[in-house]
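As stored in my_file_36.cif (mmCIF, C-alpha atoms):
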```cif
data_coords
loop_
_atom_site.group_PDB
_atom_site.id
_atom_site.type_symbol
_atom_site.label_atom_id
_atom_site.label_comp_id
_atom_site.auth_asym_id
_atom_site.auth_seq_id
_atom_site.Cartn_x
_atom_site.Cartn_y
_atom_site.Cartn_z
ATOM 1 C CA MET A 1 -26.597 189.931 32.953
ATOM 2 C CA LEU A 2 -23.446 191.979 33.526
ATOM 3 C CA LEU A 3 -21.975 192.734 36.919
ATOM 4 C CA ARG A 4 -20.797 196.237 37.720
ATOM 5 C CA ASP A 5 -17.256 195.419 36.694
ATOM 6 C CA GLY A 6 -18.481 194.194 33.328
ATOM 7 C CA SER A 7 -17.975 190.501 34.007
ATOM 8 C CA THR A 8 -20.722 187.905 33.880
ATOM 9 C CA PRO A 9 -21.891 186.422 37.169
ATOM 10 C CA VAL A 10 -20.764 182.971 38.215
ATOM 11 C CA LEU A 11 -23.515 180.418 37.774
ATOM 12 C CA ASP A 12 -23.939 176.881 38.956
ATOM 13 C CA VAL A 13 -23.968 174.720 35.892
ATOM 14 C CA ALA A 14 -24.599 171.078 35.307
ATOM 15 C CA PRO A 15 -21.513 168.834 35.300
ATOM 16 C CA GLY A 16 -19.834 168.922 31.913
ATOM 17 C CA LEU A 17 -21.353 172.236 30.935
ATOM 18 C CA GLN A 18 -19.488 175.496 30.842
ATOM 19 C CA VAL A 19 -21.113 178.857 31.438
ATOM 20 C CA GLY A 20 -22.269 180.105 28.085
ATOM 21 C CA ASP A 21 -22.954 176.669 26.647
ATOM 22 C CA SER A 22 -26.366 176.625 25.125
ATOM 23 C CA VAL A 23 -28.619 173.962 26.567
ATOM 24 C CA ALA A 24 -30.803 172.363 23.969
ATOM 25 C CA GLN A 25 -34.413 172.424 25.125
ATOM 26 C CA ASP A 26 -35.812 170.539 22.163
ATOM 27 C CA HIS A 27 -35.970 167.282 24.101
ATOM 28 C CA VAL A 28 -38.383 168.796 26.606
ATOM 29 C CA PRO A 29 -41.883 167.766 25.620
ATOM 30 C CA ARG A 30 -44.210 170.700 25.383
ATOM 31 C CA VAL A 31 -47.912 171.008 24.869
ATOM 32 C CA PRO A 32 -48.398 173.652 22.178
ATOM 33 C CA LEU A 33 -49.755 176.969 23.391
ATOM 34 C CA SER A 34 -49.371 178.794 20.093
ATOM 35 C CA GLY A 35 -51.328 178.371 16.918
ATOM 36 C CA ARG A 36 -51.183 180.203 13.626
ATOM 37 C CA ARG A 37 -52.949 183.292 14.821
ATOM 38 C CA VAL A 38 -53.170 183.266 18.594
ATOM 39 C CA ARG A 39 -51.095 182.227 21.545
ATOM 40 C CA LEU A 40 -51.941 181.492 25.151
ATOM 41 C CA ARG A 41 -49.809 183.172 27.765
ATOM 42 C CA ALA A 42 -49.831 183.756 31.495
ATOM 43 C CA VAL A 43 -52.113 186.435 32.879
ATOM 44 C CA VAL A 44 -50.054 189.269 34.346
ATOM 45 C CA ALA A 45 -51.047 192.293 36.404
ATOM 46 C CA SER A 46 -51.009 194.596 33.382
ATOM 47 C CA ASP A 47 -53.845 192.501 31.893
ATOM 48 C CA TYR A 48 -56.269 193.255 34.717
ATOM 49 C CA ASP A 49 -57.666 196.431 33.159
ATOM 50 C CA PHE A 50 -58.315 194.619 29.894
ATOM 51 C CA LEU A 51 -60.050 191.764 31.684
ATOM 52 C CA PHE A 52 -62.096 194.136 33.821
ATOM 53 C CA LEU A 53 -63.332 195.885 30.686
ATOM 54 C CA LEU A 54 -64.311 192.516 29.186
ATOM 55 C CA ALA A 55 -66.330 191.740 32.298
ATOM 56 C CA ALA A 56 -67.975 195.157 32.274
ATOM 57 C CA ASP A 57 -68.567 195.463 28.517
ATOM 58 C CA GLU A 58 -72.271 195.120 27.802
ATOM 59 C CA ARG A 59 -71.534 192.961 24.727
ATOM 60 C CA THR A 60 -69.247 190.462 26.440
ATOM 61 C CA GLY A 61 -70.225 190.841 30.097
ATOM 62 C CA PRO A 62 -73.492 188.866 29.898
ATOM 63 C CA HIS A 63 -71.521 185.872 28.607
ATOM 64 C CA TRP A 64 -69.158 185.826 31.553
ATOM 65 C CA ARG A 65 -69.485 184.997 35.194
ATOM 66 C CA TYR A 66 -70.851 188.371 36.278
ATOM 67 C CA ARG A 67 -73.652 188.139 33.710
ATOM 68 C CA GLY A 68 -73.183 191.780 32.817
ATOM 69 C CA LEU A 69 -73.112 193.238 36.316
ATOM 70 C CA PRO A 70 -70.002 195.391 36.604
ATOM 71 C CA PRO A 71 -67.790 193.723 39.216
ATOM 72 C CA ARG A 72 -66.263 195.697 42.079
ATOM 73 C CA PRO A 73 -62.760 196.573 40.915
ATOM 74 C CA GLU A 74 -61.157 195.696 44.246
ATOM 75 C CA GLU A 75 -62.740 192.245 44.211
ATOM 76 C CA PHE A 76 -62.209 191.586 40.551
ATOM 77 C CA VAL A 77 -58.607 190.444 40.774
ATOM 78 C CA ARG A 78 -59.349 188.115 43.668
ATOM 79 C CA ASP A 79 -62.313 186.677 41.794
ATOM 80 C CA LEU A 80 -60.119 186.164 38.775
ATOM 81 C CA TRP A 81 -58.306 183.367 40.599
ATOM 82 C CA GLN A 82 -61.190 182.079 42.710
ATOM 83 C CA GLY A 83 -61.571 178.340 42.080
ATOM 84 C CA VAL A 84 -59.324 178.561 39.038
ATOM 85 C CA LEU A 85 -56.976 175.732 38.130
ATOM 86 C CA VAL A 86 -55.250 177.480 35.256
ATOM 87 C CA GLN A 87 -56.016 180.327 32.925
ATOM 88 C CA PHE A 88 -54.366 182.003 29.996
ATOM 89 C CA LEU A 89 -54.637 185.330 28.336
ATOM 90 C CA VAL A 90 -55.216 184.909 24.604
ATOM 91 C CA GLU A 91 -53.344 187.263 22.327
ATOM 92 C CA ARG A 92 -52.878 187.601 18.593
ATOM 93 C CA ILE A 93 -49.463 186.541 17.423
ATOM 94 C CA ASP A 94 -49.078 189.192 14.729
ATOM 95 C CA THR A 95 -50.103 192.282 16.703
ATOM 96 C CA LYS A 96 -49.869 191.014 20.297
ATOM 97 C CA GLU A 97 -53.347 192.430 20.833
ATOM 98 C CA ARG A 98 -55.221 190.811 23.695
ATOM 99 C CA VAL A 99 -58.376 189.091 22.533
ATOM 100 C CA GLY A 100 -59.679 187.145 25.521
ATOM 101 C CA LEU A 101 -59.262 184.711 28.345
ATOM 102 C CA VAL A 102 -59.595 180.934 28.691
ATOM 103 C CA VAL A 103 -60.112 179.452 32.150
ATOM 104 C CA ALA A 104 -60.262 176.015 33.740
ATOM 105 C CA TYR A 105 -62.057 176.037 37.084
ATOM 106 C CA GLU A 106 -63.757 173.756 39.604
ATOM 107 C CA ALA A 107 -61.222 171.068 38.833
ATOM 108 C CA ASN A 108 -61.820 167.716 40.470
ATOM 109 C CA MET A 109 -58.510 165.914 40.229
ATOM 110 C CA ARG A 110 -59.749 162.702 41.823
ATOM 111 C CA ASP A 111 -62.551 162.253 39.328
ATOM 112 C CA ALA A 112 -60.568 163.843 36.517
ATOM 113 C CA HIS A 113 -62.827 166.577 35.275
ATOM 114 C CA CYS A 114 -63.004 170.340 35.293
ATOM 115 C CA HIS A 115 -65.037 173.211 33.902
ATOM 116 C CA LEU A 116 -64.008 175.359 30.987
ATOM 117 C CA GLY A 117 -64.866 179.013 30.576
ATOM 118 C CA ALA A 118 -63.858 181.583 28.015
ATOM 119 C CA VAL A 119 -64.563 185.175 27.166
ATOM 120 C CA PHE A 120 -63.411 187.059 24.097
ATOM 121 C CA ARG A 121 -63.611 190.572 22.777
ATOM 122 C CA ALA A 122 -66.850 191.207 20.932
ATOM 123 C CA ASP A 123 -65.072 192.013 17.669
ATOM 124 C CA THR A 124 -63.395 188.591 17.435
ATOM 125 C CA ARG A 125 -65.520 185.726 16.230
ATOM 126 C CA ILE A 126 -63.673 182.878 14.578
ATOM 127 C CA TRP A 127 -60.085 182.742 15.661
ATOM 128 C CA PRO A 128 -60.721 182.477 19.419
ATOM 129 C CA LEU A 129 -61.692 178.917 18.577
ATOM 130 C CA GLU A 130 -58.037 178.294 17.839
ATOM 131 C CA ALA A 131 -57.331 179.328 21.428
ATOM 132 C CA LEU A 132 -60.005 176.998 22.766
ATOM 133 C CA LEU A 133 -58.592 174.087 20.820
ATOM 134 C CA LEU A 134 -55.104 174.733 22.207
ATOM 135 C CA PHE A 135 -56.473 175.122 25.724
ATOM 136 C CA VAL A 136 -58.598 171.982 25.672
ATOM 137 C CA ASN A 137 -55.623 170.023 24.405
ATOM 138 C CA PHE A 138 -53.480 171.531 27.172
ATOM 139 C CA LEU A 139 -55.999 170.500 29.841
ATOM 140 C CA PHE A 140 -56.265 166.924 28.617
ATOM 141 C CA GLU A 141 -52.518 166.543 28.173
ATOM 142 C CA GLU A 142 -51.274 168.264 31.307
ATOM 143 C CA PHE A 143 -53.896 167.151 33.803
ATOM 144 C CA GLY A 144 -55.145 163.905 32.355
ATOM 145 C CA PHE A 145 -58.796 164.877 32.628
ATOM 146 C CA ILE A 146 -61.257 162.473 31.097
ATOM 147 C CA LYS A 147 -63.957 165.049 30.687
ATOM 148 C CA ILE A 148 -64.312 168.806 30.482
ATOM 149 C CA TYR A 149 -67.592 170.514 31.260
ATOM 150 C CA SER A 150 -68.952 173.761 30.005
ATOM 151 C CA ASP A 151 -71.966 175.460 31.564
ATOM 152 C CA VAL A 152 -73.846 177.298 28.864
ATOM 153 C CA ILE A 153 -76.707 179.642 29.606
ATOM 154 C CA ASP A 154 -79.650 179.224 27.271
ATOM 155 C CA TYR A 155 -79.065 182.411 25.287
ATOM 156 C CA ASN A 156 -75.518 181.287 24.496
ATOM 157 C CA LEU A 157 -76.493 177.795 23.385
ATOM 158 C CA ASP A 158 -76.988 178.777 19.757
ATOM 159 C CA ALA A 159 -73.271 179.491 19.494
ATOM 160 C CA PHE A 160 -72.666 175.799 20.293
ATOM 161 C CA ARG A 161 -75.133 174.489 17.709
ATOM 162 C CA SER A 162 -72.611 172.562 15.642
ATOM 163 C CA VAL A 163 -70.637 171.474 18.700
ATOM 164 C CA VAL A 164 -73.387 169.553 20.421
ATOM 165 C CA GLY A 165 -73.519 166.033 19.059
ATOM 166 C CA ARG A 166 -70.318 166.375 17.049
ATOM 167 C CA TRP A 167 -67.891 167.315 19.806
ATOM 168 C CA MET A 168 -69.762 167.841 23.013
ATOM 169 C CA GLU A 169 -72.573 165.967 24.692
ATOM 170 C CA HIS A 170 -75.565 167.659 26.183
ATOM 171 C CA GLU A 171 -75.544 166.117 29.649
ATOM 172 C CA GLY A 172 -78.334 167.945 31.316
ATOM 173 C CA VAL A 173 -80.167 171.144 31.975
ATOM 174 C CA LEU A 174 -80.856 173.103 35.118
ATOM 175 C CA ARG A 175 -84.259 174.646 34.576
ATOM 176 C CA ASP A 176 -84.697 178.378 35.209
ATOM 177 C CA HIS A 177 -81.336 178.316 36.915
ATOM 178 C CA GLU A 178 -80.266 181.902 36.359
ATOM 179 C CA ARG A 179 -81.916 185.264 36.263
ATOM 180 C CA HIS A 180 -80.766 187.813 33.730
ATOM 181 C CA GLY A 181 -82.399 190.552 31.674
ATOM 182 C CA GLY A 182 -85.710 190.372 33.498
ATOM 183 C CA ARG A 183 -86.341 186.643 33.149
ATOM 184 C CA ARG A 184 -85.050 183.245 34.174
ATOM 185 C CA TRP A 185 -82.862 181.078 31.955
ATOM 186 C CA ASP A 186 -81.991 177.420 31.740
ATOM 187 C CA LEU A 187 -78.374 176.425 32.215
ATOM 188 C CA HIS A 188 -77.149 173.663 29.928
ATOM 189 C CA ILE A 189 -74.339 171.360 30.930
ATOM 190 C CA LEU A 190 -72.209 170.272 28.003
ATOM 191 C CA SER A 191 -69.238 167.952 28.192
ATOM 192 C CA LEU A 192 -66.293 167.118 25.999
ATOM 193 C CA TRP A 193 -64.887 163.641 26.544
ATOM 194 C CA ARG A 194 -61.208 162.957 26.185
ATOM 195 C CA ASP A 195 -61.898 159.968 23.912
ATOM 196 C CA ARG A 196 -63.912 162.112 21.543
ATOM 197 C CA PHE A 197 -61.281 164.838 21.451
ATOM 198 C CA GLU A 198 -58.470 162.396 20.798
ATOM 199 C CA ARG A 199 -60.155 161.084 17.669
ATOM 200 C CA ASP A 200 -59.502 164.375 15.889
ATOM 201 C CA ARG A 201 -56.811 165.836 18.090
ATOM 202 C CA GLU A 202 -53.825 165.274 15.872
ATOM 203 C CA ARG A 203 -55.541 166.393 12.688
ATOM 204 C CA LEU A 204 -56.821 169.642 14.207
ATOM 205 C CA LEU A 205 -53.689 170.451 16.148
ATOM 206 C CA ASP A 206 -51.562 169.902 13.067
ATOM 207 C CA ARG A 207 -53.737 172.355 11.231
ATOM 208 C CA VAL A 208 -53.724 175.131 13.800
ATOM 209 C CA THR A 209 -50.020 174.865 14.553
ATOM 210 C CA GLN A 210 -48.826 174.479 10.950
ATOM 211 C CA GLN A 211 -47.150 177.682 9.866
ATOM 212 C CA LEU A 212 -48.352 178.947 6.509
ATOM 213 C CA PRO A 213 -47.421 181.973 4.411
ATOM 214 C CA GLN A 214 -49.938 184.806 4.396
ATOM 215 C CA MET B 1 -55.956 167.873 -0.652
ATOM 216 C CA ARG B 2 -53.389 170.367 -1.972
ATOM 217 C CA SER B 3 -51.672 168.543 -4.823
ATOM 218 C CA HIS B 4 -53.843 169.864 -7.622
ATOM 219 C CA LEU B 5 -56.691 172.268 -8.128
ATOM 220 C CA LEU B 6 -59.920 170.484 -7.283
ATOM 221 C CA ASP B 7 -63.031 171.241 -9.269
ATOM 222 C CA PHE B 8 -66.080 172.433 -7.353
ATOM 223 C CA ASP B 9 -67.612 168.981 -6.837
ATOM 224 C CA GLU B 10 -64.323 167.475 -5.695
ATOM 225 C CA PHE B 11 -63.857 170.416 -3.360
ATOM 226 C CA CYS B 12 -67.330 169.885 -1.822
ATOM 227 C CA ASP B 13 -66.649 166.168 -1.424
ATOM 228 C CA ALA B 14 -63.369 166.874 0.326
ATOM 229 C CA LEU B 15 -64.949 169.485 2.565
ATOM 230 C CA ALA B 16 -67.822 167.142 3.442
ATOM 231 C CA ARG B 17 -65.339 164.424 4.351
ATOM 232 C CA GLU B 18 -63.080 166.676 6.407
ATOM 233 C CA LEU B 19 -65.946 168.287 8.295
ATOM 234 C CA ASP B 20 -67.930 165.070 8.567
ATOM 235 C CA LEU B 21 -70.857 166.909 7.038
ATOM 236 C CA PRO B 22 -72.368 164.858 4.210
ATOM 237 C CA ALA B 23 -74.877 167.627 3.466
ATOM 238 C CA ILE B 24 -72.111 169.584 1.749
ATOM 239 C CA ALA B 25 -71.571 166.842 -0.796
ATOM 240 C CA ALA B 26 -75.260 166.052 -1.123
ATOM 241 C CA ASN B 27 -76.512 169.637 -1.522
ATOM 242 C CA GLY B 28 -73.337 171.345 -2.629
ATOM 243 C CA ARG B 29 -74.092 173.981 -5.244
ATOM 244 C CA ASP B 30 -72.237 177.202 -5.639
ATOM 245 C CA ASP B 31 -75.197 179.159 -4.295
ATOM 246 C CA THR B 32 -75.679 176.915 -1.248
ATOM 247 C CA ARG B 33 -75.578 179.236 1.745
ATOM 248 C CA LEU B 34 -73.339 178.252 4.611
ATOM 249 C CA VAL B 35 -75.472 179.583 7.445
ATOM 250 C CA ASP B 36 -78.998 179.367 6.057
ATOM 251 C CA ASP B 37 -78.748 176.076 4.155
ATOM 252 C CA LEU B 38 -75.989 174.182 5.947
ATOM 253 C CA ALA B 39 -76.457 175.611 9.460
ATOM 254 C CA PHE B 40 -72.858 176.734 9.743
ATOM 255 C CA ASP B 41 -71.932 178.412 12.994
ATOM 256 C CA SER B 42 -68.625 179.871 14.111
ATOM 257 C CA LEU B 43 -67.083 176.486 14.943
ATOM 258 C CA LEU B 44 -67.909 174.965 11.582
ATOM 259 C CA THR B 45 -66.676 178.089 9.847
ATOM 260 C CA PHE B 46 -63.445 177.834 11.795
ATOM 261 C CA GLU B 47 -62.995 174.172 10.859
ATOM 262 C CA MET B 48 -63.784 174.945 7.246
ATOM 263 C CA LEU B 49 -61.202 177.720 7.128
ATOM 264 C CA LEU B 50 -58.583 175.378 8.548
ATOM 265 C CA VAL B 51 -59.360 172.929 5.751
ATOM 266 C CA VAL B 52 -59.227 175.606 3.068
ATOM 267 C CA GLU B 53 -55.978 177.025 4.425
ATOM 268 C CA ALA B 54 -54.391 173.579 4.521
ATOM 269 C CA SER B 55 -55.631 172.888 1.004
ATOM 270 C CA ALA B 56 -54.446 176.165 -0.455
ATOM 271 C CA GLY B 57 -51.248 176.256 1.615
ATOM 272 C CA VAL B 58 -51.706 179.862 2.724
ATOM 273 C CA MET B 59 -53.267 181.723 5.618
ATOM 274 C CA LEU B 60 -56.463 183.564 4.796
ATOM 275 C CA PRO B 61 -57.022 187.119 5.976
ATOM 276 C CA ASP B 62 -59.308 187.378 9.001
ATOM 277 C CA ALA B 63 -61.446 189.942 7.193
ATOM 278 C CA LEU B 64 -62.433 187.314 4.665
ATOM 279 C CA VAL B 65 -64.522 185.401 7.158
ATOM 280 C CA GLY B 66 -67.513 187.704 7.000
ATOM 281 C CA GLN B 67 -67.500 187.649 3.199
ATOM 282 C CA LEU B 68 -68.002 183.914 2.823
ATOM 283 C CA ILE B 69 -71.727 183.516 2.306
ATOM 284 C CA THR B 70 -72.019 180.542 -0.052
ATOM 285 C CA LEU B 71 -70.055 177.429 -0.950
ATOM 286 C CA GLY B 72 -69.241 179.204 -4.197
ATOM 287 C CA ASP B 73 -67.548 182.016 -2.253
ATOM 288 C CA VAL B 74 -65.444 179.478 -0.371
ATOM 289 C CA TYR B 75 -64.485 177.673 -3.549
ATOM 290 C CA ASP B 76 -63.524 180.965 -5.236
ATOM 291 C CA VAL B 77 -61.172 181.777 -2.358
ATOM 292 C CA TYR B 78 -59.645 178.314 -2.517
ATOM 293 C CA ARG B 79 -59.218 178.471 -6.305
ATOM 294 C CA GLN B 80 -57.693 181.949 -6.262
ATOM 295 C CA ARG B 81 -55.175 180.994 -3.583
ATOM 296 C CA VAL B 82 -54.157 177.781 -5.305
ATOM 297 C CA THR B 83 -53.815 179.336 -8.740
ATOM 298 C CA GLN B 84 -51.854 182.275 -7.333
ATOM 299 C CA GLY B 85 -49.405 179.680 -6.061
#
```
What's the structure tokens form of this structure?
Amino acid sequence: MLLRDGSTPVLDVAPGLQVGDSVAQDHVPRVPLSGRRVRLRAVVASDYDFLFLLAADERTGPHWRYRGLPPRPEEFVRDLWQGVLVQFLVERIDTKERVGLVVAYEANMRDAHCHLGAVFRADTRIWPLEALLLFVNFLFEEFGFIKIYSDVIDYNLDAFRSVVGRWMEHEGVLRDHERHGGRRWDLHILSLWRDRFERDRERLLDRVTQQLPQ
Amino acid sequence: MRSHLLDFDEFCDALARELDLPAIAANGRDDTRLVDDLAFDSLLTFEMLLVVEASAGVMLPDALVGQLITLGDVYDVYRQRVTQG
């Protein structure tokens, strides 16, 4: 930043450092939020329209909290943070296109668990999983959770076919818990245990964060 | 897995090991269908692509995902990328 007279402002600096010295940040441990294709970043106000459209889109809406009912715009932003511990916008690294949102909510810090939710654009199928892997790792590392839950409505369960048993446990089912599309649906409660995640954590994280030529 | 070009059977064995999916090694033919025969879903496809990318040492185009129908298709992609260097 330049002051009006063209000089740089005076800053408080740590003892032994001069203004302009670069401070190496490499020693600061960081949980990776970028993979090969997508990165997680903070949600900012300019993302609200994109997120509103995801909630209202008939292809993605039924998979999110409003179950396809268009939310009231004035309440949407408030709802976006209701009960939320942390959330990230997911964007492609190459084009910076926004592809979705990952959310941790209903966190119980005493008992060390939370719920995970995610919604992605309908035209993205595979690579959002990279975002979920980064996010799950972030939640376990930053908050020390022992378990992460995901509530999955019956018509979404097929998308988790290979997850259940391999990664997540099917902990229970709430019968006829939700109404949508003219009928009632079961709600399945899946969980991912920290121990299970840690068995493959390093191998998977190495893979998604390793930079490769195209 | 990258050091040399694996033949199809070696490739299936490696994939089965990495994905913890013995069915790939047991039933792995080039016309074995990922979704219909091996019950692949998006997560397994994602894990498989990570393995193939690590093996071939290159990123695969996103558009390729929808074109991978059989194990033979996956092996062809792997072989092409490795031989192209």
Sorted by chain and rising residue number, list the residues of chain B at most 8 Å from chain A (counting all atoms listed in the file), each with its closest atom pair and distance in Å to one decimal, as a Markdown table.
```
| residue | atom | partner | partner_atom | distance |
| --- | --- | --- | --- | --- |
| B:Ala39 | CA | A:Ser162 | CA | 7.9 |
| B:Phe40 | CA | A:Ser162 | CA | 7.2 |
| B:Asp41 | CA | A:Ser162 | CA | 6.5 |
| B:Ser42 | CA | A:Ile126 | CA | 5.8 |
| B:Leu43 | CA | A:Ser162 | CA | 6.8 |
| B:Leu44 | CA | A:Ser162 | CA | 6.7 |
| B:Thr45 | CA | A:Ile126 | CA | 7.4 |
| B:Phe46 | CA | A:Ile126 | CA | 5.8 |
| B:Leu50 | CA | A:Arg207 | CA | 6.3 |
| B:Val51 | CA | A:Arg207 | CA | 7.9 |
| B:Ala54 | CA | A:Arg207 | CA | 6.9 |
| B:Gly57 | CA | A:Leu212 | CA | 6.3 |
| B:Val58 | CA | A:Pro213 | CA | 5.1 |
| B:Met59 | CA | A:Gln214 | CA | 4.7 |
| B:Leu60 | CA | A:Gln214 | CA | 6.7 |
| B:Pro61 | CA | A:Gln214 | CA | 7.6 |
| B:Val65 | CA | A:Ile126 | CA | 7.9 |
```
key: Selection result for the PyMOL selection byres ((chain A and resi 47) around 12) on this file, as a count of residues only   = 24
key: Residue IDs satisfying the PyMOL selection byres ((chain A and resi 138-152) around 10), as an MDAnalysis selection string   = chainID A and resid 30:33 63 85:86 104:118 132:137 153:160 168:174 186:198
request  = Please indicate the distance in Å from atom CA of Ala131 of chain A to atom CA of Glu18 of chain B, rounded to one decimal place.
outcome  = 20.5 Å
task = Would you kindly translate the PyMOL selection byres ((chain A and resi 56) around 8) into the concrete residues it picks from this file, as a PyMOL selection string?
result = chain A and resi 52-55+57-58+60-61+68-71
If I wrap all listed atoms of segment 59-76 of chain B in a box with edges along x, y and z and add 6 Å on each side, what are its centre and edge lengths in Å to one decimal, as JSON?
```
{"center_x": -62.6, "center_y": 183.7, "center_z": 1.9, "size_x": 30.8, "size_y": 24.5, "size_z": 26.2}
```
key: Nearby residues (all atoms listed in the file) at most 10 Å from Asp73 of chain B, same-chain spacing under 5 positions excluded, as JSON, numbers by chain   = {"B": [30, 31, 32, 33, 34, 67, 68, 78, 79]}
note = One decimal place gives the atom CA of Ala16 of chain B-atom CA of Gly165 of chain A separation as 16.7 Å
message = Report, in Å with one decimal, the straight-line distance from atom CA of Trp185 of chain A to atom CA of Val103 of chain A.
response =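 So the answer is 22.8 Å.
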ask   = Taking into account all atoms listed in the file, which residue in the set B:Leu5, B:Asp13, B:Thr70, B:Leu21 is nearest to Asp37 of chain B?
value =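 Answer, going by the shortest atom-to-atom distance: B:Thr70.
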task = Using all atoms listed in the file, pick whichever of A:Pro29, A:Glu178, A:Pro73, A:Arg92 has the shortest atom-to-atom distance to Asp62 of chain B.
result = A:Arg92
Completion of segment 6-26 of chain B up to N, CA and C atoms, as a tab-separated table (two decimals), in the frame of the given file:
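Output saved as rebuild_27.tsv:
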```tsv
chain	number	residue	atom	x	y	z
B	6	LEU	N	-58.70	171.30	-7.23
B	6	LEU	CA	-59.92	170.48	-7.28
B	6	LEU	C	-61.01	171.27	-8.00
B	7	ASP	N	-61.87	170.53	-8.73
B	7	ASP	CA	-63.03	171.24	-9.27
B	7	ASP	C	-64.06	171.38	-8.14
B	8	PHE	N	-65.13	172.09	-8.41
B	8	PHE	CA	-66.08	172.43	-7.35
B	8	PHE	C	-66.65	171.19	-6.65
B	9	ASP	N	-67.03	170.18	-7.45
B	9	ASP	CA	-67.61	168.98	-6.84
B	9	ASP	C	-66.59	168.24	-5.98
B	10	GLU	N	-65.37	168.14	-6.48
B	10	GLU	CA	-64.32	167.48	-5.70
B	10	GLU	C	-64.07	168.25	-4.41
B	11	PHE	N	-64.08	169.57	-4.53
B	11	PHE	CA	-63.86	170.42	-3.36
B	11	PHE	C	-64.95	170.18	-2.31
B	12	CYS	N	-66.21	170.12	-2.76
B	12	CYS	CA	-67.33	169.88	-1.82
B	12	CYS	C	-67.21	168.50	-1.18
B	13	ASP	N	-66.82	167.52	-1.98
B	13	ASP	CA	-66.65	166.17	-1.42
B	13	ASP	C	-65.58	166.17	-0.33
B	14	ALA	N	-64.47	166.83	-0.64
B	14	ALA	CA	-63.37	166.87	0.33
B	14	ALA	C	-63.79	167.61	1.60
B	15	LEU	N	-64.49	168.70	1.41
B	15	LEU	CA	-64.95	169.48	2.56
B	15	LEU	C	-65.93	168.66	3.42
B	16	ALA	N	-66.84	167.97	2.73
B	16	ALA	CA	-67.82	167.14	3.44
B	16	ALA	C	-67.12	166.07	4.26
B	17	ARG	N	-66.08	165.48	3.67
B	17	ARG	CA	-65.34	164.42	4.35
B	17	ARG	C	-64.59	165.00	5.56
B	18	GLU	N	-63.90	166.09	5.34
B	18	GLU	CA	-63.08	166.68	6.41
B	18	GLU	C	-63.93	167.18	7.58
B	19	LEU	N	-65.09	167.73	7.24
B	19	LEU	CA	-65.95	168.29	8.30
B	19	LEU	C	-66.97	167.28	8.80
B	20	ASP	N	-66.95	166.09	8.21
B	20	ASP	CA	-67.93	165.07	8.57
B	20	ASP	C	-69.35	165.62	8.43
B	21	LEU	N	-69.58	166.25	7.30
B	21	LEU	CA	-70.86	166.91	7.04
B	21	LEU	C	-71.34	166.53	5.64
B	22	PRO	N	-71.98	165.36	5.53
B	22	PRO	CA	-72.37	164.86	4.21
B	22	PRO	C	-73.26	165.82	3.43
B	23	ALA	N	-73.97	166.70	4.15
B	23	ALA	CA	-74.88	167.63	3.47
B	23	ALA	C	-74.13	168.50	2.46
B	24	ILE	N	-72.87	168.74	2.68
B	24	ILE	CA	-72.11	169.58	1.75
B	24	ILE	C	-71.98	168.88	0.40
B	25	ALA	N	-71.70	167.59	0.46
B	25	ALA	CA	-71.57	166.84	-0.80
B	25	ALA	C	-72.94	166.62	-1.44
B	26	ALA	N	-73.93	166.37	-0.59
B	26	ALA	CA	-75.26	166.05	-1.12
B	26	ALA	C	-75.94	167.28	-1.73
```
